[in-house]
Structures are given as structure tokens and as C-alpha cells.
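Quick notes on the structure that follows.
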Amino acid sequence: MRILVAGATGAVGLNLVPQLIASGHSVVGTTRTAAKAELIRRMGAEPAVVDGLDAPAVRAAVLAAGPEVVVHQMTDLAAVTDLRHFDRAFSTTNQLRTQGTDFLLAAAREAGVKRFIAQSFCGWTYGRSGEAVKTETDALDADPPEELRRTLEAIQYLEAAVAGSTSIEGIVLRYGSFYGPDTGMLSRAMIDQVRRRRVPLIGGGSGRWSFIHVEDAASATVAAIERGTPGEIYNIVDDEPAPVSEWLPALATLVGARQPIRVPAWLGRLFAGEHLVSMMTEVRAGSNAKAKRALGWQPAHPSWREGFAEVASRATAQRAA
């Protein structure tokens, strides 16, 4: 198939494009910066330099590519470090989830695209009561902390626009928290924060998180392109949701840091904000049972424990070399 990956040089895109080409697909990858076009060529795809918030440019790129499938992976998360001001940090990504989705969907419809896959998120978004691990039928948070409201609204907008599409086969993938070489939970910025003990364990650390290696996020996306059911939403996470009280100390050990500072919830609210206390103490994880069953997908890294260790070990070996 001919596939356009919007956001081909992001965390998932860099793994998705090679996997699609290895599966025999023809790929056009978009990037906002001309400097990254050569990277897309080296992966074996055709580059297109496009700002996802420029509607005429998006339309021209999609029509020129003539794809059968469009994959929406556009975000702006590389420089996000200040989570105390969460909605402000995610403002451009939220525009890409709303306006960017509208522009891409409109162009895809005009181009006669058959299938549209979009990146969503499975983390703090679920309701914070009931079961510790949620399925796709469970409700998202009806009353999130104020600092998360605009971001959750943007996620809900994207999911409704894509999964609710009738003119295109829309599929939504709720990825867990990413990790990989210098990516997400194992990015240099995150590791530096953990080593400086700037990521405290707030309260009892009972908030549950779901993780996904970026290679597994990409393989699930390939499966959704080839076998996903129109109108469906899938949690793309590993097999082992974990409370913060388990994964944060384990991450500290892996990167050679001292154990995280413990902070009571009331103090966390004063210095970090209600939203970060919620992430540490209340949020729910997601189940991958539906994706494994319906997509015939299995994560190559079924547990963040082994996955984190593998990435950290590889990074240590590369530094030594």
C-alpha cells in the first residue's frame, strides 16, 4: 500500500517508517524541517516538508502523495520538560491534535484515502476511580485536574473526529508512555532529572502507568493499518502496568541514581501542582488485551522492566565504546 506518515521523524515515526518499508509498503514521510528530509530518504521513504498547522501545505502534500492510508503521528514533544505547566507545554501538540487533525482528515477525504490512523494517549486520561487497569470501554476522566483539561479536551477531540469518521476508516491508537533509546522515559532529559533526584515519589506512588517501547508502538501501528477495524480505539501498551512506587525506584537504579526523594502529597501539591500529584497517586493504566486479540499483535518488550534494562544497557555500552 501507499502510506503517508505525518510526523515521520517523531518517536514512533522513526521506527514506523522502516517497519512499513520492510513490510513492502511505499511510504511518504512528512517533517516540519528541511534538515530532516534526508533522514526520511535514508529510511527508504519519500520526504515531504510540511507544517501540520498549514492547511494549504497539508492539502498539497496529501494530494501529491496519493496515499491509500494516512497515519497521523504529529506532535511537538521533543522539548517538553516543564510539566508543572502541562497545558502550556503541550499547546502546540494540542493544536496538532485539533486543527492538525482537521486539516489532515480534510485532505485525506479529498485525496480518496481509505484508512486514517491517529496517535492518541493511554496514561493519565482514564477516570481515576474503579479498576486500576482500564479497557477501551471505560470512560476518560470526567473531572481532570485543571492543568490537564485542555490537553484532555484535545485528545478527546482527536478521538471523536477519527473514530467517528464515516467517510474514512478511522482508527485511534492510545499509546502508553513511550520509552526507547534517548526517548521518552529514557531520554537524556528524563535520566538527568532522575539522577538529580528531581522526580520525587509523591505520596504512596500508587498511580498506575502503562508503558510502550517505541518499536512496539510502531509494530502495533503496522498491525492496525493492515488488520484494524474501522471506528475502533486500541490501547497500545505493554503487559505490565505498574505503580509509580515500582517503576520510579527501578528506573533510578538502572541509571545509577540514588533512590527518589519521598514527598507527602500535600507538599507535592504546593510545589508540583495537583495534576502531578494525581499522576503519581491516582491515575489508572490501560489493558492491551483488545489490541493483542483483535490486531494479532504482541509487544516484543512485554514488560517495561526488561525493556528499560535493555535500553539502559545499550546506552551504557555505546558510551563505553
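Every chain in the C-alpha cells takes a letter, A first, then B, and so on in the order presented; its residues are numbered from 1, and the ligands are numbered from 1 following the presented order.
Residues surrounding segment 266-281 of chain A within 7 Å are Arg84, Trp124, Pro145, Glu147, Leu148, Ile202, Gly203, Gly204, Gly205, Ser206, Gly207, Val244, Val263, Pro264 and Val283 of chain A [only C-alpha atoms; sequence separation below 2 positions excluded].
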Fill in: Who sits within 8 Å of Thr125 of chain A, only C-alpha atoms, same chain under 2 positions skipped, as a ChimeraX atom specification
/A:121-123,127,140-141,152,283-284
Fewer than 3 positions away in the same chain doesn't count, so skip those; otherwise give me all residues within 8 Å of His301 of chain A, counting only C-alpha atoms, as a CSV table (one decimal) with N, CA and C atoms, in the first residue's frame.
chain,number,residue,atom,x,y,z
A,212,ILE,N,5.2,1.7,26.8
A,212,ILE,CA,5.3,1.0,25.5
A,212,ILE,C,6.7,1.4,24.8
A,213,HIS,N,7.4,0.4,24.4
A,213,HIS,CA,8.7,0.7,23.7
A,213,HIS,C,8.3,1.2,22.3
A,216,ASP,N,7.6,-1.2,19.7
A,216,ASP,CA,6.4,-1.9,19.8
A,216,ASP,C,5.2,-1.0,19.4
A,238,ASP,N,2.3,-2.2,27.1
A,238,ASP,CA,2.9,-3.5,27.4
A,238,ASP,C,2.0,-4.3,28.3
A,304,TRP,N,8.0,-3.4,30.9
A,304,TRP,CA,8.9,-2.2,31.0
A,304,TRP,C,10.2,-2.6,31.8
A,306,GLU,N,12.2,-5.3,31.7
A,306,GLU,CA,13.2,-5.8,30.8
A,306,GLU,C,13.5,-4.7,29.7
A,307,GLY,N,12.5,-4.0,29.3
A,307,GLY,CA,12.6,-3.0,28.3
A,307,GLY,C,13.5,-1.9,28.7
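Minimum atom-to-atom distance to Asp182 of chain A, evaluated using only C-alpha atoms, belongs to A:Ala11 out of A:Ala294, A:Ala250, A:Val194, A:Ala11.
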Dump as a Markdown table the rows for residues of segment 94-143 of chain A within 12 Å of segment 42-57 of chain A: closest atom pair and distance in Å with one decimal, only C-alpha atoms counted, ordered by chain and rising residue number.
| residue | atom | partner | partner_atom | distance |
| --- | --- | --- | --- | --- |
| A:Asn94 | CA | A:Leu53 | CA | 11.0 |
| A:Gln95 | CA | A:Leu53 | CA | 7.6 |
| A:Leu96 | CA | A:Leu53 | CA | 6.6 |
| A:Arg97 | CA | A:Gly52 | CA | 9.9 |
| A:Thr98 | CA | A:Leu53 | CA | 9.6 |
| A:Gln99 | CA | A:Leu53 | CA | 6.7 |
| A:Gly100 | CA | A:Leu53 | CA | 5.3 |
| A:Thr101 | CA | A:Gly52 | CA | 8.6 |
| A:Asp102 | CA | A:Ala55 | CA | 8.9 |
| A:Phe103 | CA | A:Ala55 | CA | 5.4 |
| A:Leu104 | CA | A:Gly52 | CA | 7.8 |
| A:Leu105 | CA | A:Ala55 | CA | 10.6 |
| A:Ala106 | CA | A:Ala55 | CA | 9.2 |
| A:Ala107 | CA | A:Ala55 | CA | 8.5 |
| A:Ala108 | CA | A:Ala55 | CA | 11.9 |
Keeping only N, CA and C atoms, write the selected residues as a PDB file, in the first residue's frame.
ATOM      1  N   ASN A  94      -1.412  20.048  21.202  1.00  0.00           N
ATOM      2  CA  ASN A  94      -2.874  20.099  21.250  1.00  0.00           C
ATOM      3  C   ASN A  94      -3.453  20.740  19.998  1.00  0.00           C
ATOM      4  N   GLN A  95      -2.764  21.721  19.425  1.00  0.00           N
ATOM      5  CA  GLN A  95      -3.196  22.284  18.147  1.00  0.00           C
ATOM      6  C   GLN A  95      -3.110  21.234  17.040  1.00  0.00           C
ATOM      7  N   LEU A  96      -2.053  20.435  17.082  1.00  0.00           N
ATOM      8  CA  LEU A  96      -1.902  19.377  16.075  1.00  0.00           C
ATOM      9  C   LEU A  96      -2.977  18.309  16.242  1.00  0.00           C
ATOM     10  N   ARG A  97      -3.435  18.098  17.475  1.00  0.00           N
ATOM     11  CA  ARG A  97      -4.494  17.109  17.726  1.00  0.00           C
ATOM     12  C   ARG A  97      -5.870  17.631  17.319  1.00  0.00           C
ATOM     13  N   THR A  98      -6.026  18.934  17.219  1.00  0.00           N
ATOM     14  CA  THR A  98      -7.320  19.518  16.859  1.00  0.00           C
ATOM     15  C   THR A  98      -7.273  20.050  15.430  1.00  0.00           C
ATOM     16  N   GLN A  99      -6.679  21.222  15.247  1.00  0.00           N
ATOM     17  CA  GLN A  99      -6.586  21.800  13.902  1.00  0.00           C
ATOM     18  C   GLN A  99      -5.829  20.882  12.951  1.00  0.00           C
ATOM     19  N   GLY A 100      -4.706  20.350  13.414  1.00  0.00           N
ATOM     20  CA  GLY A 100      -3.900  19.481  12.558  1.00  0.00           C
ATOM     21  C   GLY A 100      -4.661  18.255  12.108  1.00  0.00           C
ATOM     22  N   THR A 101      -5.455  17.676  13.008  1.00  0.00           N
ATOM     23  CA  THR A 101      -6.288  16.525  12.647  1.00  0.00           C
ATOM     24  C   THR A 101      -7.331  16.919  11.608  1.00  0.00           C
ATOM     25  N   ASP A 102      -7.960  18.074  11.809  1.00  0.00           N
ATOM     26  CA  ASP A 102      -8.960  18.541  10.846  1.00  0.00           C
ATOM     27  C   ASP A 102      -8.347  18.742   9.463  1.00  0.00           C
ATOM     28  N   PHE A 103      -7.184  19.382   9.416  1.00  0.00           N
ATOM     29  CA  PHE A 103      -6.533  19.640   8.126  1.00  0.00           C
ATOM     30  C   PHE A 103      -6.169  18.338   7.426  1.00  0.00           C
ATOM     31  N   LEU A 104      -5.631  17.390   8.207  1.00  0.00           N
ATOM     32  CA  LEU A 104      -5.178  16.126   7.633  1.00  0.00           C
ATOM     33  C   LEU A 104      -6.364  15.279   7.175  1.00  0.00           C
ATOM     34  N   LEU A 105      -7.430  15.247   7.979  1.00  0.00           N
ATOM     35  CA  LEU A 105      -8.622  14.493   7.595  1.00  0.00           C
ATOM     36  C   LEU A 105      -9.268  15.071   6.335  1.00  0.00           C
ATOM     37  N   ALA A 106      -9.361  16.394   6.265  1.00  0.00           N
ATOM     38  CA  ALA A 106      -9.972  17.026   5.094  1.00  0.00           C
ATOM     39  C   ALA A 106      -9.178  16.707   3.831  1.00  0.00           C
ATOM     40  N   ALA A 107      -7.859  16.788   3.935  1.00  0.00           N
ATOM     41  CA  ALA A 107      -7.008  16.479   2.783  1.00  0.00           C
ATOM     42  C   ALA A 107      -7.128  15.007   2.405  1.00  0.00           C
ATOM     43  N   ALA A 108      -7.205  14.131   3.414  1.00  0.00           N
ATOM     44  CA  ALA A 108      -7.323  12.699   3.147  1.00  0.00           C
ATOM     45  C   ALA A 108      -8.632  12.374   2.439  1.00  0.00           C
TER      46      ALA A 108
END
Sorted by chain and rising residue number, list the residues of segment 138-171 of chain A at most 10 Å from segment 60-77 of chain A (counting only C-alpha atoms), each with its closest atom pair and distance in Å to one decimal, as JSON lines.
{"residue": "A:Ile168", "atom": "CA", "partner": "A:Val69", "partner_atom": "CA", "distance": 9.6}
{"residue": "A:Glu169", "atom": "CA", "partner": "A:Val69", "partner_atom": "CA", "distance": 9.3}
{"residue": "A:Gly170", "atom": "CA", "partner": "A:Val70", "partner_atom": "CA", "distance": 9.7}
{"residue": "A:Ile171", "atom": "CA", "partner": "A:Val71", "partner_atom": "CA", "distance": 9.6}
Kindly export the residues of the current selection with C-alpha atoms, as a compact mmCIF listing (two decimals), in the first residue's frame.
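result-v4.txt, written as the output of this step:
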# COMPACT_ATOMS: atom_id res chain seq x y z
CA ILE A 168 -12.76 7.28 6.01
CA GLU A 169 -11.94 4.18 8.04
CA GLY A 170 -10.71 5.91 11.20
CA ILE A 171 -8.73 4.05 13.88
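Taking atom CA of Ile261 of chain A as the reference point, atom CA of Arg198 of chain A is found at 8.0 Å.
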Fill in: Polymer residues at most 10 Å from Ala160 of chain A, only C-alpha atoms, same-chain spacing of 6 or more positions, as number ranges by chain
A: 154, 170, 172, 231
Discussion item. From a backbone DSSP assignment, name each residue in segment 103-209 of chain A labelled helix (DSSP H, G or I), as a ChimeraX atom specification.
Written reply: /A:103-111,146-163,188-195
Worksheet entry | Contacts of Thr221 of chain A within 10 Å, only C-alpha atoms, excl. fewer than 2 positions in-chain, as an MDAnalysis selection string | chainID A and resid 12:13 16 19:20 71 117:119 171:173 175 215:219 223:228 236 295 297
Resulting file, chosen residues, N, CA and C atoms, as a compact mmCIF listing (two decimals), in the first residue's frame:
# COMPACT_ATOMS: atom_id res chain seq x y z
N VAL A 12 7.64 7.67 17.26
CA VAL A 12 7.06 6.49 16.61
C VAL A 12 7.45 6.45 15.14
N GLY A 13 7.39 7.59 14.48
CA GLY A 13 7.66 7.64 13.04
C GLY A 13 9.00 7.07 12.66
N LEU A 16 8.41 3.47 12.76
CA LEU A 16 7.31 3.03 11.91
C LEU A 16 7.70 3.00 10.43
N GLN A 19 9.67 -0.06 9.43
CA GLN A 19 8.85 -1.27 9.54
C GLN A 19 7.86 -1.37 8.39
N LEU A 20 7.29 -0.25 7.99
CA LEU A 20 6.36 -0.25 6.86
C LEU A 20 7.07 -0.64 5.57
N VAL A 71 -1.28 8.09 8.29
CA VAL A 71 -1.00 7.85 9.71
C VAL A 71 -0.62 9.18 10.35
N ILE A 117 -5.17 6.47 10.48
CA ILE A 117 -4.75 6.01 11.81
C ILE A 117 -4.20 7.21 12.58
N ALA A 118 -4.61 7.38 13.84
CA ALA A 118 -4.15 8.54 14.60
C ALA A 118 -3.59 8.15 15.96
N GLN A 119 -2.55 8.88 16.35
CA GLN A 119 -1.93 8.69 17.66
C GLN A 119 -2.73 9.40 18.75
N ILE A 171 -9.15 4.91 12.77
CA ILE A 171 -8.73 4.05 13.88
C ILE A 171 -7.83 4.87 14.81
N VAL A 172 -8.05 4.76 16.12
CA VAL A 172 -7.28 5.50 17.11
C VAL A 172 -6.42 4.54 17.92
N LEU A 173 -5.17 4.91 18.10
CA LEU A 173 -4.24 4.11 18.91
C LEU A 173 -3.84 4.92 20.14
N TYR A 175 -1.43 5.09 22.73
CA TYR A 175 -0.13 4.59 23.16
C TYR A 175 0.09 4.86 24.65
N GLU A 215 9.50 0.81 19.47
CA GLU A 215 9.47 -0.21 18.42
C GLU A 215 8.16 -0.97 18.45
N ASP A 216 7.64 -1.23 19.65
CA ASP A 216 6.37 -1.94 19.78
C ASP A 216 5.20 -1.04 19.39
N ALA A 217 5.31 0.25 19.69
CA ALA A 217 4.27 1.19 19.23
C ALA A 217 4.19 1.17 17.71
N ALA A 218 5.35 1.11 17.07
CA ALA A 218 5.38 1.09 15.60
C ALA A 218 4.80 -0.22 15.06
N SER A 219 5.15 -1.34 15.66
CA SER A 219 4.65 -2.63 15.15
C SER A 219 3.15 -2.74 15.33
N ALA A 223 0.19 -3.21 12.45
CA ALA A 223 -0.91 -4.16 12.59
C ALA A 223 -2.27 -3.48 12.42
N ALA A 224 -2.39 -2.26 12.96
CA ALA A 224 -3.66 -1.52 12.82
C ALA A 224 -3.92 -1.13 11.38
N ILE A 225 -2.87 -0.75 10.67
CA ILE A 225 -3.02 -0.41 9.25
C ILE A 225 -3.54 -1.62 8.47
N GLU A 226 -2.99 -2.77 8.77
CA GLU A 226 -3.28 -3.97 7.99
C GLU A 226 -4.51 -4.74 8.48
N ARG A 227 -4.80 -4.65 9.81
CA ARG A 227 -5.86 -5.51 10.35
C ARG A 227 -6.85 -4.81 11.28
N GLY A 228 -6.69 -3.52 11.52
CA GLY A 228 -7.56 -2.81 12.44
C GLY A 228 -8.99 -2.68 11.92
N ILE A 236 -2.42 0.70 23.19
CA ILE A 236 -1.15 0.11 22.75
C ILE A 236 -0.15 0.28 23.88
N LEU A 295 -5.81 -7.33 16.83
CA LEU A 295 -4.79 -6.98 15.84
C LEU A 295 -3.77 -8.10 15.62
N TRP A 297 -1.39 -8.76 17.61
CA TRP A 297 -0.14 -8.06 17.94
C TRP A 297 0.39 -8.51 19.30
Worksheet item: Which residues in segment 72-218 of chain A does DSSP call strand (DSSP E or B)? List them as a VMD selection string.
Response: chain A and resid 72 115 to 121 126 133 to 134 140 169 to 175 177 to 180 183 to 184 201 to 202 208 to 209 211 to 213
Using N, CA and C atoms, can you export the residues from the last selection as an mmCIF file, in the first residue's frame?
data_model
loop_
_atom_site.group_PDB
_atom_site.id
_atom_site.type_symbol
_atom_site.label_atom_id
_atom_site.label_comp_id
_atom_site.auth_asym_id
_atom_site.auth_seq_id
_atom_site.Cartn_x
_atom_site.Cartn_y
_atom_site.Cartn_z
ATOM 1 N N HIS A 72 -1.405 9.605 11.306
ATOM 2 C CA HIS A 72 -1.213 10.894 11.988
ATOM 3 C C HIS A 72 -0.376 10.672 13.241
ATOM 4 N N ARG A 115 -8.031 4.734 4.668
ATOM 5 C CA ARG A 115 -7.866 4.466 6.103
ATOM 6 C C ARG A 115 -7.023 5.559 6.750
ATOM 7 N N PHE A 116 -7.397 5.942 7.974
ATOM 8 C CA PHE A 116 -6.729 7.022 8.697
ATOM 9 C C PHE A 116 -6.454 6.536 10.115
ATOM 10 N N ILE A 117 -5.172 6.466 10.483
ATOM 11 C CA ILE A 117 -4.746 6.010 11.814
ATOM 12 C C ILE A 117 -4.200 7.209 12.576
ATOM 13 N N ALA A 118 -4.606 7.382 13.840
ATOM 14 C CA ALA A 118 -4.149 8.543 14.600
ATOM 15 C C ALA A 118 -3.592 8.153 15.959
ATOM 16 N N GLN A 119 -2.551 8.880 16.353
ATOM 17 C CA GLN A 119 -1.927 8.695 17.665
ATOM 18 C C GLN A 119 -2.731 9.397 18.751
ATOM 19 N N SER A 120 -3.101 8.635 19.779
ATOM 20 C CA SER A 120 -3.679 9.198 20.989
ATOM 21 C C SER A 120 -2.836 8.721 22.168
ATOM 22 N N PHE A 121 -3.378 8.820 23.379
ATOM 23 C CA PHE A 121 -2.568 8.538 24.560
ATOM 24 C C PHE A 121 -3.357 7.743 25.582
ATOM 25 N N TYR A 126 -7.607 8.172 31.696
ATOM 26 C CA TYR A 126 -8.775 7.429 32.177
ATOM 27 C C TYR A 126 -9.288 7.990 33.501
ATOM 28 N N VAL A 133 -6.690 -0.992 36.209
ATOM 29 C CA VAL A 133 -6.328 -1.142 34.798
ATOM 30 C C VAL A 133 -7.611 -1.048 33.977
ATOM 31 N N LYS A 134 -7.627 -0.128 33.032
ATOM 32 C CA LYS A 134 -8.841 0.184 32.285
ATOM 33 C C LYS A 134 -8.804 -0.393 30.867
ATOM 34 N N LEU A 140 -13.093 8.149 29.990
ATOM 35 C CA LEU A 140 -11.966 9.024 30.289
ATOM 36 C C LEU A 140 -12.338 9.906 31.480
ATOM 37 N N GLU A 169 -12.067 5.178 6.974
ATOM 38 C CA GLU A 169 -11.943 4.180 8.042
ATOM 39 C C GLU A 169 -10.983 4.723 9.101
ATOM 40 N N GLY A 170 -11.525 5.316 10.158
ATOM 41 C CA GLY A 170 -10.706 5.911 11.199
ATOM 42 C C GLY A 170 -10.421 4.957 12.333
ATOM 43 N N ILE A 171 -9.155 4.910 12.771
ATOM 44 C CA ILE A 171 -8.726 4.051 13.883
ATOM 45 C C ILE A 171 -7.831 4.871 14.806
ATOM 46 N N VAL A 172 -8.050 4.761 16.116
ATOM 47 C CA VAL A 172 -7.279 5.502 17.107
ATOM 48 C C VAL A 172 -6.423 4.539 17.922
ATOM 49 N N LEU A 173 -5.165 4.914 18.105
ATOM 50 C CA LEU A 173 -4.240 4.113 18.905
ATOM 51 C C LEU A 173 -3.836 4.915 20.136
ATOM 52 N N ARG A 174 -4.219 4.405 21.301
ATOM 53 C CA ARG A 174 -3.842 5.055 22.556
ATOM 54 C C ARG A 174 -2.528 4.439 23.048
ATOM 55 N N TYR A 175 -1.435 5.086 22.734
ATOM 56 C CA TYR A 175 -0.131 4.592 23.161
ATOM 57 C C TYR A 175 0.088 4.860 24.648
ATOM 58 N N SER A 177 3.043 5.429 27.811
ATOM 59 C CA SER A 177 4.192 6.332 27.913
ATOM 60 C C SER A 177 5.371 5.717 27.171
ATOM 61 N N PHE A 178 5.919 6.471 26.234
ATOM 62 C CA PHE A 178 6.992 5.959 25.387
ATOM 63 C C PHE A 178 8.305 5.802 26.145
ATOM 64 N N TYR A 179 9.074 4.819 25.688
ATOM 65 C CA TYR A 179 10.490 4.762 26.046
ATOM 66 C C TYR A 179 11.240 4.089 24.913
ATOM 67 N N GLY A 180 12.521 4.339 24.865
ATOM 68 C CA GLY A 180 13.400 3.786 23.844
ATOM 69 C C GLY A 180 14.740 4.476 23.967
ATOM 70 N N THR A 183 14.758 8.301 24.358
ATOM 71 C CA THR A 183 13.368 8.618 24.026
ATOM 72 C C THR A 183 12.483 8.489 25.258
ATOM 73 N N GLY A 184 11.592 9.462 25.435
ATOM 74 C CA GLY A 184 10.574 9.361 26.470
ATOM 75 C C GLY A 184 11.146 9.151 27.859
ATOM 76 N N LEU A 201 9.053 10.783 44.545
ATOM 77 C CA LEU A 201 7.973 9.811 44.738
ATOM 78 C C LEU A 201 6.956 10.477 45.653
ATOM 79 N N ILE A 202 5.837 10.880 45.085
ATOM 80 C CA ILE A 202 4.842 11.655 45.823
ATOM 81 C C ILE A 202 3.819 10.723 46.464
ATOM 82 N N ARG A 208 -1.011 4.271 38.641
ATOM 83 C CA ARG A 208 -0.547 3.193 37.751
ATOM 84 C C ARG A 208 -0.303 3.724 36.345
ATOM 85 N N TRP A 209 0.841 3.353 35.777
ATOM 86 C CA TRP A 209 1.248 3.803 34.454
ATOM 87 C C TRP A 209 1.351 2.617 33.505
ATOM 88 N N PHE A 211 3.342 1.557 29.891
ATOM 89 C CA PHE A 211 4.488 1.907 29.056
ATOM 90 C C PHE A 211 4.442 1.168 27.727
ATOM 91 N N ILE A 212 5.193 1.692 26.754
ATOM 92 C CA ILE A 212 5.339 1.004 25.477
ATOM 93 C C ILE A 212 6.670 1.409 24.848
ATOM 94 N N HIS A 213 7.450 0.409 24.442
ATOM 95 C CA HIS A 213 8.679 0.676 23.703
ATOM 96 C C HIS A 213 8.287 1.223 22.340
#
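For the pair atom CA of Gly286 of chain A and atom CA of Pro249 of chain A, the separation is 21.2 Å.
Closest approach to Ser23 of chain A from the set A:Ala139, A:Thr9, A:Ser187, A:Val222 is made by A:Val222, with distances taken over only C-alpha atoms.
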Worksheet, complete the sentence: In terms of only C-alpha atoms, the residue from A:Val58, A:Ile155, A:Leu14, A:Ala161 at minimal distance from Pro181 of chain A is A:Leu14
I'd like a table as CSV: residues in segment 197-261 of chain A with an atom no more than 9 Å from segment 309-314 of chain A, each row giving the shortest atom pair and its distance in Å to one decimal, only C-alpha atoms counted, sorted by chain and rising residue number.
residue,atom,partner,partner_atom,distance
A:Leu251,CA,A:Ala309,CA,8.5
A:Leu254,CA,A:Ala309,CA,6.6
A:Val255,CA,A:Ala312,CA,6.9
